[in-house]
Structures are given as C-alpha cells and as structure tokens.
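Enquirer: One structure follows; several queries about it will come next.
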Amino acid sequence: FTHARTTLATVTLVGQTDPGTTVRLDATGQTYVVGCAGMFYFPGVPLDLGSNAFTVTATGTNGLTSQATTIVTRGGPGASISPPVITARL
C-alpha cells in the first residue's frame with residue numbers, strides 16, 4: 001500500500017511483479033501482460049480531485065492472484081485536500 005500526491009489530472013501507474021503475470025487495473029479494466037523485466041504500467045489514468053484509490057490484481061501463470069492498492073491524491077498547487085478545521089471557544 002502506497003500513497004502519492006500530484007497536481008496532474010492524469011497519471012501513469014507503474015509497478016513490478018513476476019514476468020508472465022497478467023496485471024489488471026480494477027478501476028479501468030485495463031490489463032497488461034508483464035514482460036521479462038517484470039515491469040508494468042498503465043498510462044493516462046484519470047484522477048478526481050482528492051483521494052483516488054487504485055487496486056491492481058495480478059494473476060500469475062499458475063492461476064494464483066494477489067492484489068496491491070495505492071492512493072493517489074490530486075490537489076491544486078499548494079491547495080489543501082483536507083476539510084477545514086473548526087475550533088470553538090466559550
């Protein structure tokens with residue numbers, strides 16, 4: 001599980017797993033068959049403002065699966081993505 005932050009409207013998600021594995025980005029349905037270097041990528045993934053959770057499901061050549069999730073937070077330059085804090089005193 002990882003967390004990243006950006007101001008971009010689209011990103012490329014990159015990862016690594018075993019060669020021959022089929023990786024699916026659950027949010028978009030995109031799939032990628034991993035080559036001998038073990039790297040996979042999903043270009044042009046759109047981001048909403050705020051937190052965006054992405055889960056990838058990897059299916060090995062043996063049919064077994066595993067999942068990994070990352071959160072990418074999109075916010076404007078210097079903009080807070082947290083709601084305002086209210087402090088009250090009597």
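Labels used: A, B, ... for chains in the order of the structure tokens, numbers from 1 for residues in each chain, and numbers from 1 for ligands as shown.
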Name all residues at most 9 Å from Arg24 (chain A) (count only C-alpha atoms; drop same-chain ones fewer than 4 positions away) and give them as a PDB file with C-alpha atoms, in the first residue's frame.

Expert:
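Contents of around_31.pdb, as written:
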```pdb
ATOM      1  CA  THR A  28     -10.371   0.992 -15.554  1.00  0.00           C
ATOM      2  CA  GLY A  29     -10.321  -2.667 -16.538  1.00  0.00           C
ATOM      3  CA  GLN A  30      -7.006  -2.172 -18.366  1.00  0.00           C
ATOM      4  CA  THR A  31      -4.776  -5.247 -18.446  1.00  0.00           C
ATOM      5  CA  TYR A  32      -1.060  -5.668 -19.045  1.00  0.00           C
ATOM      6  CA  VAL A  33       0.988  -8.833 -19.545  1.00  0.00           C
ATOM      7  CA  THR A  55      -6.150  -1.589  -6.874  1.00  0.00           C
ATOM      8  CA  VAL A  56      -4.248  -3.854  -9.243  1.00  0.00           C
ATOM      9  CA  THR A  57      -4.913  -7.576  -9.397  1.00  0.00           C
ATOM     10  CA  ALA A  58      -2.067  -9.791 -10.572  1.00  0.00           C
ATOM     11  CA  THR A  59      -2.735 -13.280 -11.930  1.00  0.00           C
TER      12      THR A  59
END
```

Enquirer: Could you give me, as a list of chain:residue names, the residues within 9 Å of region 4-18 of chain A, counting only C-alpha atoms and dropping anything in the same chain fewer than 3 positions from it?

Expert: A:Thr21, A:Val23, A:Val34, A:Gly35, A:Cys36, A:Ala37, A:Gly38, A:Met39, A:Phe40, A:Tyr41, A:Phe42, A:Pro43, A:Gly44, A:Val45, A:Pro46, A:Leu47, A:Asp48, A:Leu49, A:Ser51, A:Ala58, A:Gly60, A:Thr70, A:Ile71, A:Val72, A:Thr73, A:Arg74, A:Gly75, A:Gly76, A:Pro77

Enquirer: I'd like the interatomic distance between CA of Gly20 (chain A) and CA of Gln67 (chain A), to a tenth of an Å.

Expert: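 Taking CA of Gly20 (chain A) and CA of Gln67 (chain A), their separation equals 16.0 Å.
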